[in-house]
$ cat input-v8.pdb   # PDB, C-alpha atoms and all ligand atoms
ATOM      1  CA  MET W 203    -118.689-116.756 165.170
ATOM      2  CA  THR W 204    -118.152-119.254 162.368
ATOM      3  CA  ALA W 205    -121.048-121.185 160.969
ATOM      4  CA  THR W 206    -121.860-124.832 161.663
ATOM      5  CA  ILE W 207    -121.168-126.795 158.476
ATOM      6  CA  LEU W 208    -124.029-129.151 157.507
ATOM      7  CA  ASP W 209    -122.245-132.214 156.107
ATOM      8  CA  GLY W 210    -124.168-133.500 153.096
ATOM      9  CA  LYS W 211    -121.733-136.376 152.620
ATOM     10  CA  ALA W 212    -122.348-137.743 156.134
ATOM     11  CA  THR W 213    -126.122-137.299 155.855
ATOM     12  CA  ALA W 214    -126.115-139.003 152.449
ATOM     13  CA  ALA W 215    -124.239-141.914 154.030
ATOM     14  CA  GLU W 216    -126.931-142.207 156.727
ATOM     15  CA  ILE W 217    -129.608-142.238 154.027
ATOM     16  CA  LYS W 218    -127.734-144.965 152.138
ATOM     17  CA  ASP W 219    -127.662-147.065 155.321
ATOM     18  CA  GLU W 220    -131.440-146.684 155.590
ATOM     19  CA  LEU W 221    -131.864-147.550 151.913
ATOM     20  CA  ARG W 222    -129.713-150.679 152.304
ATOM     21  CA  ALA W 223    -132.218-151.956 154.899
ATOM     22  CA  ARG W 224    -135.180-151.133 152.619
ATOM     23  CA  VAL W 225    -133.504-152.962 149.713
ATOM     24  CA  LYS W 226    -133.036-156.026 151.968
ATOM     25  CA  ALA W 227    -136.740-155.927 152.857
ATOM     26  CA  LEU W 228    -137.599-155.761 149.156
ATOM     27  CA  ALA W 229    -135.312-158.748 148.467
ATOM     28  CA  GLU W 230    -137.413-160.780 150.926
ATOM     29  CA  ARG W 231    -140.371-159.966 148.651
ATOM     30  CA  GLY W 232    -138.356-161.048 145.612
ATOM     31  CA  ILE W 233    -137.929-157.494 144.357
ATOM     32  CA  THR W 234    -134.577-155.926 143.398
ATOM     33  CA  PRO W 235    -134.800-152.186 142.646
ATOM     34  CA  GLY W 236    -133.151-151.294 139.339
ATOM     35  CA  LEU W 237    -131.737-147.915 138.239
ATOM     36  CA  GLY W 238    -131.161-147.334 134.538
ATOM     37  CA  THR W 239    -128.788-144.746 133.102
ATOM     38  CA  VAL W 240    -128.739-143.697 129.471
ATOM     39  CA  LEU W 241    -125.432-142.136 128.397
ATOM     40  CA  VAL W 242    -125.080-140.831 124.856
ATOM     41  CA  GLY W 243    -121.494-140.176 123.739
ATOM     42  CA  GLU W 244    -118.149-140.383 125.495
ATOM     43  CA  ASP W 245    -118.006-137.087 127.469
ATOM     44  CA  PRO W 246    -115.620-137.895 130.358
ATOM     45  CA  GLY W 247    -117.539-135.717 132.856
ATOM     46  CA  SER W 248    -120.801-137.488 132.108
ATOM     47  CA  GLN W 249    -119.085-140.866 132.210
ATOM     48  CA  ALA W 250    -117.713-139.968 135.679
ATOM     49  CA  TYR W 251    -121.149-138.939 136.949
ATOM     50  CA  VAL W 252    -122.765-142.117 135.593
ATOM     51  CA  ASN W 253    -120.016-144.269 137.111
ATOM     52  CA  GLY W 254    -120.634-142.512 140.451
ATOM     53  CA  LYS W 255    -124.346-143.305 140.254
ATOM     54  CA  HIS W 256    -123.659-146.962 139.622
ATOM     55  CA  ARG W 257    -121.149-147.059 142.499
ATOM     56  CA  ASP W 258    -123.834-145.567 144.739
ATOM     57  CA  CYS W 259    -126.279-148.278 143.552
ATOM     58  CA  ALA W 260    -123.807-151.059 144.312
ATOM     59  CA  GLU W 261    -123.333-149.635 147.821
ATOM     60  CA  VAL W 262    -127.022-150.099 148.681
ATOM     61  CA  GLY W 263    -127.834-153.165 146.535
ATOM     62  CA  ILE W 264    -129.756-151.466 143.708
ATOM     63  CA  ALA W 265    -129.241-153.214 140.359
ATOM     64  CA  SER W 266    -127.708-151.117 137.558
ATOM     65  CA  LEU W 267    -128.991-151.068 134.018
ATOM     66  CA  ARG W 268    -126.435-149.240 131.899
ATOM     67  CA  VAL W 269    -127.428-148.109 128.405
ATOM     68  CA  THR W 270    -124.734-146.389 126.318
ATOM     69  CA  LEU W 271    -125.224-144.977 122.826
ATOM     70  CA  PRO W 272    -122.576-143.535 120.484
ATOM     71  CA  ALA W 273    -122.230-139.727 120.245
ATOM     72  CA  ASP W 274    -123.792-139.838 116.748
ATOM     73  CA  ALA W 275    -126.825-141.858 117.853
ATOM     74  CA  THR W 276    -130.030-140.879 116.070
ATOM     75  CA  GLN W 277    -133.160-139.646 117.863
ATOM     76  CA  GLU W 278    -134.864-142.895 116.861
ATOM     77  CA  GLN W 279    -132.099-144.984 118.446
ATOM     78  CA  LEU W 280    -132.529-142.943 121.629
ATOM     79  CA  ASP W 281    -136.328-143.324 121.484
ATOM     80  CA  THR W 282    -135.906-147.103 121.162
ATOM     81  CA  ALA W 283    -133.536-147.274 124.147
ATOM     82  CA  LEU W 284    -136.013-145.313 126.284
ATOM     83  CA  ALA W 285    -138.962-147.445 125.138
ATOM     84  CA  GLU W 286    -137.037-150.563 126.182
ATOM     85  CA  LEU W 287    -136.377-149.148 129.675
ATOM     86  CA  ASN W 288    -140.015-148.033 129.966
ATOM     87  CA  ALA W 289    -141.054-151.638 129.255
ATOM     88  CA  ASP W 290    -138.378-153.375 131.363
ATOM     89  CA  PRO W 291    -139.877-154.568 134.709
ATOM     90  CA  ALA W 292    -136.329-154.791 136.151
ATOM     91  CA  CYS W 293    -136.026-151.012 135.745
ATOM     92  CA  HIS W 294    -137.875-149.068 138.446
ATOM     93  CA  GLY W 295    -136.404-145.723 137.464
ATOM     94  CA  TYR W 296    -133.876-144.282 135.069
ATOM     95  CA  ILE W 297    -132.204-141.074 134.013
ATOM     96  CA  VAL W 298    -131.028-139.735 130.688
ATOM     97  CA  GLN W 299    -127.633-138.243 131.538
ATOM     98  CA  LEU W 300    -127.625-134.556 130.595
ATOM     99  CA  PRO W 301    -126.478-132.733 128.562
ATOM    100  CA  LEU W 302    -127.280-134.761 125.451
ATOM    101  CA  PRO W 303    -125.279-134.176 122.221
ATOM    102  CA  GLY W 304    -126.547-131.039 120.467
ATOM    103  CA  HIS W 305    -128.204-132.819 117.520
ATOM    104  CA  LEU W 306    -130.681-134.590 119.815
ATOM    105  CA  ASP W 307    -133.993-133.133 121.009
ATOM    106  CA  THR W 308    -133.640-133.171 124.814
ATOM    107  CA  GLN W 309    -137.240-132.199 125.570
ATOM    108  CA  ARG W 310    -138.583-134.964 123.313
ATOM    109  CA  ALA W 311    -136.291-137.489 125.023
ATOM    110  CA  LEU W 312    -137.191-136.445 128.573
ATOM    111  CA  GLU W 313    -140.915-136.396 127.798
ATOM    112  CA  SER W 314    -140.795-139.967 126.478
ATOM    113  CA  ILE W 315    -139.643-141.269 129.863
ATOM    114  CA  ASP W 316    -142.491-143.091 131.651
ATOM    115  CA  PRO W 317    -143.298-140.569 134.437
ATOM    116  CA  ASP W 318    -143.422-143.430 136.961
ATOM    117  CA  LYS W 319    -139.821-144.302 136.011
ATOM    118  CA  ASP W 320    -138.592-140.714 136.053
ATOM    119  CA  ALA W 321    -135.830-141.052 138.679
ATOM    120  CA  ASP W 322    -134.838-137.360 138.216
ATOM    121  CA  GLY W 323    -138.357-136.228 139.098
ATOM    122  CA  LEU W 324    -138.143-133.577 136.388
ATOM    123  CA  HIS W 325    -140.670-134.933 133.859
ATOM    124  CA  PRO W 326    -143.378-132.311 133.083
ATOM    125  CA  VAL W 327    -146.061-134.710 134.364
ATOM    126  CA  ASN W 328    -144.238-135.107 137.681
ATOM    127  CA  LEU W 329    -143.553-131.382 138.072
ATOM    128  CA  GLY W 330    -147.273-130.900 137.366
ATOM    129  CA  ARG W 331    -148.140-133.505 139.998
ATOM    130  CA  LEU W 332    -145.840-131.620 142.427
ATOM    131  CA  VAL W 333    -147.693-128.360 141.720
ATOM    132  CA  LEU W 334    -151.002-130.121 142.401
ATOM    133  CA  GLY W 335    -149.771-131.953 145.505
ATOM    134  CA  TYR W 336    -150.088-135.416 143.957
ATOM    135  CA  ASP W 337    -147.681-138.295 144.632
ATOM    136  CA  ALA W 338    -144.724-138.253 142.217
ATOM    137  CA  PRO W 339    -140.977-138.836 142.143
ATOM    138  CA  LEU W 340    -139.503-135.550 143.440
ATOM    139  CA  PRO W 341    -136.633-133.617 141.794
ATOM    140  CA  CYS W 342    -133.458-134.873 143.441
ATOM    141  CA  THR W 343    -131.554-131.678 144.221
ATOM    142  CA  PRO W 344    -134.521-129.751 145.711
ATOM    143  CA  ARG W 345    -135.589-132.815 147.687
ATOM    144  CA  GLY W 346    -132.007-133.353 148.882
ATOM    145  CA  ILE W 347    -131.797-129.757 150.123
ATOM    146  CA  VAL W 348    -135.081-130.031 152.069
ATOM    147  CA  GLU W 349    -134.065-133.426 153.491
ATOM    148  CA  LEU W 350    -130.664-132.108 154.625
ATOM    149  CA  LEU W 351    -132.215-129.066 156.328
ATOM    150  CA  ARG W 352    -134.871-131.258 157.990
ATOM    151  CA  ARG W 353    -132.313-133.736 159.318
ATOM    152  CA  HIS W 354    -130.256-130.865 160.757
ATOM    153  CA  ASP W 355    -133.294-129.308 162.469
ATOM    154  CA  VAL W 356    -133.275-126.106 160.434
ATOM    155  CA  PRO W 357    -136.749-124.652 161.138
ATOM    156  CA  LEU W 358    -138.697-124.233 157.880
ATOM    157  CA  SER W 359    -142.299-123.835 159.062
ATOM    158  CA  GLY W 360    -143.013-120.128 158.999
ATOM    159  CA  ALA W 361    -139.426-119.383 157.976
ATOM    160  CA  ASN W 362    -138.625-116.781 155.313
ATOM    161  CA  VAL W 363    -136.602-118.561 152.626
ATOM    162  CA  ALA W 364    -134.875-116.696 149.795
ATOM    163  CA  VAL W 365    -134.203-118.961 146.805
ATOM    164  CA  VAL W 366    -131.758-117.350 144.360
ATOM    165  CA  GLY W 367    -132.093-118.779 140.845
ATOM    166  CA  ARG W 368    -135.173-119.870 138.920
ATOM    167  CA  GLY W 369    -133.758-122.823 136.962
ATOM    168  CA  ASN W 370    -135.962-125.804 136.107
ATOM    169  CA  THR W 371    -133.861-128.359 138.000
ATOM    170  CA  VAL W 372    -133.460-126.483 141.304
ATOM    171  CA  GLY W 373    -134.842-122.979 141.945
ATOM    172  CA  ARG W 374    -138.274-123.299 140.419
ATOM    173  CA  PRO W 375    -139.250-126.728 141.864
ATOM    174  CA  LEU W 376    -137.583-125.900 145.209
ATOM    175  CA  GLY W 377    -140.128-123.153 145.834
ATOM    176  CA  LEU W 378    -142.904-125.720 145.248
ATOM    177  CA  LEU W 379    -141.400-128.168 147.755
ATOM    178  CA  LEU W 380    -140.825-125.542 150.448
ATOM    179  CA  THR W 381    -144.376-124.174 150.259
ATOM    180  CA  ARG W 382    -146.006-127.609 150.759
ATOM    181  CA  ARG W 383    -147.864-127.998 154.059
ATOM    182  CA  SER W 384    -145.142-130.400 155.208
ATOM    183  CA  GLU W 385    -142.549-127.585 155.012
ATOM    184  CA  ASN W 386    -144.779-124.468 155.308
ATOM    185  CA  ALA W 387    -142.037-121.973 154.470
ATOM    186  CA  THR W 388    -142.578-118.564 152.895
ATOM    187  CA  VAL W 389    -140.469-118.438 149.744
ATOM    188  CA  THR W 390    -139.126-115.478 147.802
ATOM    189  CA  LEU W 391    -137.877-116.683 144.413
ATOM    190  CA  CYS W 392    -135.107-114.298 143.344
ATOM    191  CA  HIS W 393    -133.554-114.212 139.887
ATOM    192  CA  THR W 394    -131.676-111.995 137.425
ATOM    193  CA  GLY W 395    -134.698-109.687 137.224
ATOM    194  CA  THR W 396    -134.791-109.119 140.985
ATOM    195  CA  LEU W 397    -134.100-105.520 142.075
ATOM    196  CA  ASP W 398    -131.975-105.197 145.239
ATOM    197  CA  LEU W 399    -131.238-108.919 145.722
ATOM    198  CA  ALA W 400    -129.495-108.166 149.038
ATOM    199  CA  ALA W 401    -132.731-106.756 150.523
ATOM    200  CA  HIS W 402    -134.385-110.174 149.996
ATOM    201  CA  THR W 403    -131.451-112.303 151.155
ATOM    202  CA  ARG W 404    -130.879-110.168 154.247
ATOM    203  CA  ALA W 405    -134.555-110.567 155.217
ATOM    204  CA  ALA W 406    -134.333-114.384 154.994
ATOM    205  CA  ASP W 407    -133.827-116.979 157.713
ATOM    206  CA  VAL W 408    -132.600-119.399 155.005
ATOM    207  CA  VAL W 409    -130.830-118.429 151.759
ATOM    208  CA  ILE W 410    -130.484-121.097 149.041
ATOM    209  CA  VAL W 411    -128.279-120.037 146.134
ATOM    210  CA  ALA W 412    -128.683-121.970 142.885
ATOM    211  CA  ALA W 413    -127.737-119.292 140.356
ATOM    212  CA  GLY W 414    -124.529-120.671 138.835
ATOM    213  CA  VAL W 415    -122.748-117.365 139.576
ATOM    214  CA  PRO W 416    -119.482-117.901 141.525
ATOM    215  CA  GLY W 417    -119.318-115.841 144.727
ATOM    216  CA  LEU W 418    -122.726-114.231 144.163
ATOM    217  CA  LEU W 419    -123.727-114.303 147.846
ATOM    218  CA  THR W 420    -121.396-112.217 150.008
ATOM    219  CA  ALA W 421    -121.306-111.814 153.791
ATOM    220  CA  ASP W 422    -123.033-108.401 153.714
ATOM    221  CA  MET W 423    -126.040-110.061 152.004
ATOM    222  CA  VAL W 424    -126.677-112.484 154.877
ATOM    223  CA  ASN W 425    -128.690-111.937 158.056
ATOM    224  CA  PRO W 426    -126.302-112.931 160.900
ATOM    225  CA  GLY W 427    -127.152-116.433 162.117
ATOM    226  CA  ALA W 428    -129.122-117.360 158.982
ATOM    227  CA  THR W 429    -128.734-120.715 157.220
ATOM    228  CA  VAL W 430    -127.046-120.593 153.804
ATOM    229  CA  VAL W 431    -127.138-123.410 151.212
ATOM    230  CA  ASP W 432    -124.663-123.314 148.318
ATOM    231  CA  VAL W 433    -126.063-125.182 145.308
ATOM    232  CA  GLY W 434    -123.812-123.541 142.715
ATOM    233  CA  ILE W 435    -121.469-125.787 140.749
ATOM    234  CA  THR W 436    -119.502-123.807 138.180
ATOM    235  CA  ARG W 437    -116.342-125.145 136.566
ATOM    236  CA  VAL W 438    -113.567-122.549 136.680
ATOM    237  CA  ILE W 439    -109.968-122.776 135.476
ATOM    238  CA  GLY W 440    -107.542-121.769 138.254
ATOM    239  CA  GLU W 441    -104.232-119.830 137.785
ATOM    240  CA  ASP W 442    -102.551-123.241 137.663
ATOM    241  CA  GLY W 443    -104.631-124.015 134.567
ATOM    242  CA  LYS W 444    -106.468-126.770 136.422
ATOM    243  CA  GLY W 445    -110.275-126.987 136.262
ATOM    244  CA  ARG W 446    -112.219-127.074 139.524
ATOM    245  CA  TYR W 447    -115.790-126.504 140.695
ATOM    246  CA  THR W 448    -116.790-123.438 142.662
ATOM    247  CA  GLY W 449    -120.008-122.486 144.404
ATOM    248  CA  ASP W 450    -122.215-119.376 144.458
ATOM    249  CA  VAL W 451    -121.367-118.472 148.066
ATOM    250  CA  ASP W 452    -118.349-116.371 149.028
ATOM    251  CA  PRO W 453    -116.270-118.187 151.704
ATOM    252  CA  GLU W 454    -116.557-115.145 154.023
ATOM    253  CA  VAL W 455    -120.255-115.993 154.478
ATOM    254  CA  THR W 456    -119.234-118.632 157.030
ATOM    255  CA  GLU W 457    -118.211-115.725 159.311
ATOM    256  CA  VAL W 458    -121.800-114.440 159.594
ATOM    257  CA  ALA W 459    -124.099-117.388 158.831
ATOM    258  CA  GLY W 460    -125.369-119.714 161.585
ATOM    259  CA  LYS W 461    -125.306-122.881 159.423
ATOM    260  CA  VAL W 462    -123.805-123.424 155.964
ATOM    261  CA  VAL W 463    -124.281-126.224 153.423
ATOM    262  CA  PRO W 464    -120.972-126.097 151.539
ATOM    263  CA  MET W 465    -120.079-126.959 147.954
ATOM    264  CA  PRO W 466    -118.602-129.529 147.542
ATOM    265  CA  GLY W 467    -119.751-131.842 150.293
ATOM    266  CA  GLY W 468    -123.305-130.626 150.660
ATOM    267  CA  VAL W 469    -126.027-130.728 148.045
ATOM    268  CA  GLY W 470    -124.203-132.984 145.554
ATOM    269  CA  PRO W 471    -124.076-136.095 147.731
ATOM    270  CA  MET W 472    -127.676-135.453 148.825
ATOM    271  CA  THR W 473    -128.753-135.259 145.155
ATOM    272  CA  ARG W 474    -127.284-138.691 144.549
ATOM    273  CA  ALA W 475    -128.920-140.111 147.700
ATOM    274  CA  MET W 476    -132.317-138.821 146.531
ATOM    275  CA  LEU W 477    -131.865-140.484 143.141
ATOM    276  CA  LEU W 478    -131.449-143.820 144.935
ATOM    277  CA  THR W 479    -134.420-142.990 147.176
ATOM    278  CA  ASN W 480    -136.665-142.338 144.162
ATOM    279  CA  VAL W 481    -135.784-145.765 142.727
ATOM    280  CA  VAL W 482    -136.350-147.634 146.012
ATOM    281  CA  GLU W 483    -139.680-145.840 146.565
ATOM    282  CA  ARG W 484    -140.876-146.851 143.059
ATOM    283  CA  ALA W 485    -139.818-150.474 143.707
ATOM    284  CA  GLU W 486    -141.716-150.470 147.030
ATOM    285  CA  ARG W 487    -144.833-149.246 145.231
ATOM    286  CA  ALA W 488    -144.421-151.753 142.372
ATOM    287  CA  GLY W 489    -144.215-154.718 144.753
TER     288      GLY W 489
HETATM  289  N1  LIG L   1    -130.331-136.562 134.114
HETATM  290  C1  LIG L   1    -129.360-136.015 134.912
HETATM  291  N2  LIG L   1    -129.560-135.987 136.250
HETATM  292  C2  LIG L   1    -128.600-135.468 137.083
HETATM  293  O1  LIG L   1    -128.796-135.447 138.317
HETATM  294  C3  LIG L   1    -127.400-134.958 136.526
HETATM  295  C4  LIG L   1    -127.252-134.992 135.128
HETATM  296  N3  LIG L   1    -128.236-135.532 134.341
HETATM  297  N4  LIG L   1    -126.141-134.496 134.528
HETATM  298  C5  LIG L   1    -125.042-134.019 135.318
HETATM  299  C6  LIG L   1    -125.504-133.465 136.632
HETATM  300  C7  LIG L   1    -124.404-133.277 137.641
HETATM  301  N5  LIG L   1    -124.872-133.990 138.801
HETATM  302  C8  LIG L   1    -124.118-134.050 139.991
HETATM  303  C9  LIG L   1    -124.521-134.818 141.050
HETATM  304  C10 LIG L   1    -123.736-134.907 142.202
HETATM  305  C11 LIG L   1    -122.535-134.246 142.275
HETATM  306  C12 LIG L   1    -121.681-134.388 143.485
HETATM  307  O2  LIG L   1    -121.944-135.233 144.324
HETATM  308  N6  LIG L   1    -120.605-133.568 143.594
HETATM  309  C13 LIG L   1    -119.717-133.637 144.734
HETATM  310  C14 LIG L   1    -118.301-133.277 144.296
HETATM  311  C15 LIG L   1    -117.768-134.226 143.297
HETATM  312  C16 LIG L   1    -117.660-135.642 143.873
HETATM  313  O3  LIG L   1    -117.281-135.758 145.035
HETATM  314  O4  LIG L   1    -117.999-136.567 143.124
HETATM  315  C17 LIG L   1    -120.142-132.621 145.803
HETATM  316  O5  LIG L   1    -120.911-131.689 145.465
HETATM  317  O6  LIG L   1    -119.697-132.810 146.949
HETATM  318  C18 LIG L   1    -122.113-133.471 141.215
HETATM  319  C19 LIG L   1    -122.906-133.361 140.077
HETATM  320  C20 LIG L   1    -126.032-134.634 138.527
HETATM  321  N7  LIG L   1    -126.411-134.413 137.281
END
$ encode --input "input-v8.pdb" --output "structure tokens"
Amino acid sequence: MTATILDGKATAAEIKDELRARVKALAERGITPGLGTVLVGEDPGSQAYVNGKHRDCAEVGIASLRVTLPADATQEQLDTALAELNADPACHGYIVQLPLPGHLDTQRALESIDPDKDADGLHPVNLGRLVLGYDAPLPCTPRGIVELLRRHDVPLSGANVAVVGRGNTVGRPLGLLLTRRSENATVTLCHTGTLDLAAHTRAADVVIVAAGVPGLLTADMVNPGATVVDVGITRVIGEDGKGRYTGDVDPEVTEVAGKVVPMPGGVGPMTRAMLLTNVVERAERAG
């Protein structure tokens, strides 16, 4: 039996169609949602990601506010750029493209984002609001995973979910999302300190791997018929010397799992669709 592949690209496209209609409705109220991006330096990977975000915006009619600073920008120059976006009514949400150059204080930068304009949903205030069940922009990758599973009718209520990885952008907030009443899952948060990882993953109906360890989850670690989500995105250099991205899930897992969210083509496109969703939601509230 080979697993059903849950196509994040196709689902993200559906979400963009829905967002296009919501942006049209906002236009009738004289509101154009605006996404800001702050890119410091000329790293080609970051430039590619930022370009992708602005292409996504153009596809649904969200206005782009691009802010670029030189690689040697000072903390004060960055603070000023963020203060301007915080004050700009045309900006409903923005992100500071990570990683920042090493000489800059990332935590200070991220904490100076107005929480209501935090399109990543990773500001401490918003993660605190998530813990407390208050309204807040939600972290894009965790929200994209939950949205993809929901739209593909993967049962979460009462399900045993093993999350592998306790990072701040995925694993840790994902457990908070899945244990909300609206999802009602039982979550085991596994990490490098977990003894017998396979015992937890084999007991799960859904396994979500966000560890950044290529091939970590193997077929023998999966309960036959379970749903597996590959969030890993590690750059490896192949024998041909070319760089490519690989996930945390061994390809043989598709022989035993019931449904698989692959990498690429799964969580990445959903992450980008959730970024757009956060901006449109903020614009709808602002109006
Ligand atoms: N403040 C901030 N927020 C971010 O969300 C953020 C960031 N900084 N820095 C960089 C990472 C990286 N990231 C990706 C998003 C989507 C794909 C994606 O869609 N990947 C495709 C493959 C590549 C492609 O098709 O473009 C996929 O998984 O199918 C990849 C990487 C967001 N990031």
$ atom_distance --input "input-v8.pdb" --atom1 "CA of Val225 (chain W)" --atom2 "CA of Leu478 (chain W)"
10.5 Å
$ residues_near_ligand --input "input-v8.pdb" --ligand "ligand LIG 1 (chain L)" --cutoff "8 Å" --atoms "only C-alpha atoms and all ligand atoms" --output "MDAnalysis selection string"
chainID W and resid 210:211 248 251 254 297:301 322 342:343 435 465:474 477
$ write_last_selection --input "input-v8.pdb" --atoms "C-alpha atoms" --output "CSV table (one decimal), keeping the file's coordinate frame"
chain,number,residue,atom,x,y,z
W,210,GLY,CA,-124.2,-133.5,153.1
W,211,LYS,CA,-121.7,-136.4,152.6
W,248,SER,CA,-120.8,-137.5,132.1
W,251,TYR,CA,-121.1,-138.9,136.9
W,254,GLY,CA,-120.6,-142.5,140.5
W,297,ILE,CA,-132.2,-141.1,134.0
W,298,VAL,CA,-131.0,-139.7,130.7
W,299,GLN,CA,-127.6,-138.2,131.5
W,300,LEU,CA,-127.6,-134.6,130.6
W,301,PRO,CA,-126.5,-132.7,128.6
W,322,ASP,CA,-134.8,-137.4,138.2
W,342,CYS,CA,-133.5,-134.9,143.4
W,343,THR,CA,-131.6,-131.7,144.2
W,435,ILE,CA,-121.5,-125.8,140.7
W,465,MET,CA,-120.1,-127.0,148.0
W,466,PRO,CA,-118.6,-129.5,147.5
W,467,GLY,CA,-119.8,-131.8,150.3
W,468,GLY,CA,-123.3,-130.6,150.7
W,469,VAL,CA,-126.0,-130.7,148.0
W,470,GLY,CA,-124.2,-133.0,145.6
W,471,PRO,CA,-124.1,-136.1,147.7
W,472,MET,CA,-127.7,-135.5,148.8
W,473,THR,CA,-128.8,-135.3,145.2
W,474,ARG,CA,-127.3,-138.7,144.5
W,477,LEU,CA,-131.9,-140.5,143.1
$ atom_distance --input "input-v8.pdb" --atom1 "CA of Asp442 (chain W)" --atom2 "CA of Asp245 (chain W)"
23.1 Å
$ residues_around --input "input-v8.pdb" --residues "Ala292 (chain W)" --least-positions-apart "5" --cutoff "10 Å" --atoms "only C-alpha atoms" --output "number ranges by chain"
W: 233-238, 265-267, 287, 485
$ closest_atom_pairs --input "input-v8.pdb" --of "region 437-483 of chain W" --to "region 353-358 of chain W" --cutoff "12 Å" --atoms "all atoms listed in the file" --output "tab-separated table"
residue	atom	partner	partner_atom	distance
W:Gly460	CA	W:Val356	CA	10.2
W:Lys461	CA	W:Val356	CA	8.7
W:Val462	CA	W:Val356	CA	10.8
W:Val463	CA	W:His354	CA	10.5
W:Met472	CA	W:Arg353	CA	11.6
$ write_last_selection --input "input-v8.pdb" --atoms "C-alpha atoms" --output "PDB file, in the coordinates of the input"
ATOM      1  CA  GLY W 460    -125.369-119.714 161.585  1.00  0.00           C
ATOM      2  CA  LYS W 461    -125.306-122.881 159.423  1.00  0.00           C
ATOM      3  CA  VAL W 462    -123.805-123.424 155.964  1.00  0.00           C
ATOM      4  CA  VAL W 463    -124.281-126.224 153.423  1.00  0.00           C
ATOM      5  CA  MET W 472    -127.676-135.453 148.825  1.00  0.00           C
TER       6      MET W 472
END
$ resolve_selection --input "input-v8.pdb" --expression "the PyMOL selection byres (((chain W and resi 275) around 10) and not hetatm)" --output "PyMOL selection string"
chain W and resi 242-243+270-274+276-280+303+305-306
$ closest_residue --input "input-v8.pdb" --among "W:Asn362, W:Glu486, W:Leu329, W:Thr213" --to "Lys226 (chain W)" --atoms "all atoms listed in the file"
W:Glu486
$ atom_distance --input "input-v8.pdb" --atom1 "CA of Arg224 (chain W)" --atom2 "CA of His294 (chain W)"
14.6 Å
$ resolve_selection --input "input-v8.pdb" --expression "the PyMOL selection byres (((chain W and resi 380) around 12) and not hetatm)" --output "MDAnalysis selection string"
chainID W and resid 332:333 344:349 351:352 357:365 372:379 381:391 408 410
$ residues_near_point --input "input-v8.pdb" --point "(-136.8, -144.8, 138.5)" --cutoff "6 Å" --atoms "only C-alpha atoms" --output "ChimeraX atom specification"
/W:237,294-296,319-321,481
$ resolve_selection --input "input-v8.pdb" --expression "the PyMOL selection byres (((chain W and resi 417) around 12) and not hetatm)" --output "NGL selection string"
:W and (411-416 or 418-421 or 423 or 432-436 or 438 or 447-455 or 465)
$ write_last_selection --input "input-v8.pdb" --atoms "C-alpha atoms" --output "PDB file, in the coordinates of the input"
ATOM      1  CA  VAL W 411    -128.279-120.037 146.134  1.00  0.00           C
ATOM      2  CA  ALA W 412    -128.683-121.970 142.885  1.00  0.00           C
ATOM      3  CA  ALA W 413    -127.737-119.292 140.356  1.00  0.00           C
ATOM      4  CA  GLY W 414    -124.529-120.671 138.835  1.00  0.00           C
ATOM      5  CA  VAL W 415    -122.748-117.365 139.576  1.00  0.00           C
ATOM      6  CA  PRO W 416    -119.482-117.901 141.525  1.00  0.00           C
ATOM      7  CA  LEU W 418    -122.726-114.231 144.163  1.00  0.00           C
ATOM      8  CA  LEU W 419    -123.727-114.303 147.846  1.00  0.00           C
ATOM      9  CA  THR W 420    -121.396-112.217 150.008  1.00  0.00           C
ATOM     10  CA  ALA W 421    -121.306-111.814 153.791  1.00  0.00           C
ATOM     11  CA  MET W 423    -126.040-110.061 152.004  1.00  0.00           C
ATOM     12  CA  ASP W 432    -124.663-123.314 148.318  1.00  0.00           C
ATOM     13  CA  VAL W 433    -126.063-125.182 145.308  1.00  0.00           C
ATOM     14  CA  GLY W 434    -123.812-123.541 142.715  1.00  0.00           C
ATOM     15  CA  ILE W 435    -121.469-125.787 140.749  1.00  0.00           C
ATOM     16  CA  THR W 436    -119.502-123.807 138.180  1.00  0.00           C
ATOM     17  CA  VAL W 438    -113.567-122.549 136.680  1.00  0.00           C
ATOM     18  CA  TYR W 447    -115.790-126.504 140.695  1.00  0.00           C
ATOM     19  CA  THR W 448    -116.790-123.438 142.662  1.00  0.00           C
ATOM     20  CA  GLY W 449    -120.008-122.486 144.404  1.00  0.00           C
ATOM     21  CA  ASP W 450    -122.215-119.376 144.458  1.00  0.00           C
ATOM     22  CA  VAL W 451    -121.367-118.472 148.066  1.00  0.00           C
ATOM     23  CA  ASP W 452    -118.349-116.371 149.028  1.00  0.00           C
ATOM     24  CA  PRO W 453    -116.270-118.187 151.704  1.00  0.00           C
ATOM     25  CA  GLU W 454    -116.557-115.145 154.023  1.00  0.00           C
ATOM     26  CA  VAL W 455    -120.255-115.993 154.478  1.00  0.00           C
ATOM     27  CA  MET W 465    -120.079-126.959 147.954  1.00  0.00           C
TER      28      MET W 465
END
$ residues_around --input "input-v8.pdb" --residues "region 310-312 of chain W" --least-positions-apart "3" --cutoff "8 Å" --atoms "only C-alpha atoms" --output "list in words"
Leu280, Asp281, Leu284, Val298, Asp307, Ile315 and His325 of chain W
$ decode --input "input-v8.pdb" --residues "region 374-385 of chain W" --atoms "C-alpha atoms" --output "compact mmCIF listing (two decimals), in the first residue's frame"
# COMPACT_ATOMS: atom_id res chain seq x y z
CA ARG W 374 6.72 24.21 20.20
CA PRO W 375 3.82 26.36 18.87
CA LEU W 376 2.39 23.40 16.91
CA GLY W 377 1.63 21.58 20.15
CA LEU W 378 -0.29 24.67 21.33
CA LEU W 379 -2.38 24.79 18.14
CA LEU W 380 -3.19 21.07 18.16
CA THR W 381 -4.35 21.06 21.79
CA ARG W 382 -6.85 23.92 21.27
CA ARG W 383 -10.50 22.89 21.60
CA SER W 384 -10.89 23.40 17.85
CA GLU W 385 -8.37 20.60 17.18
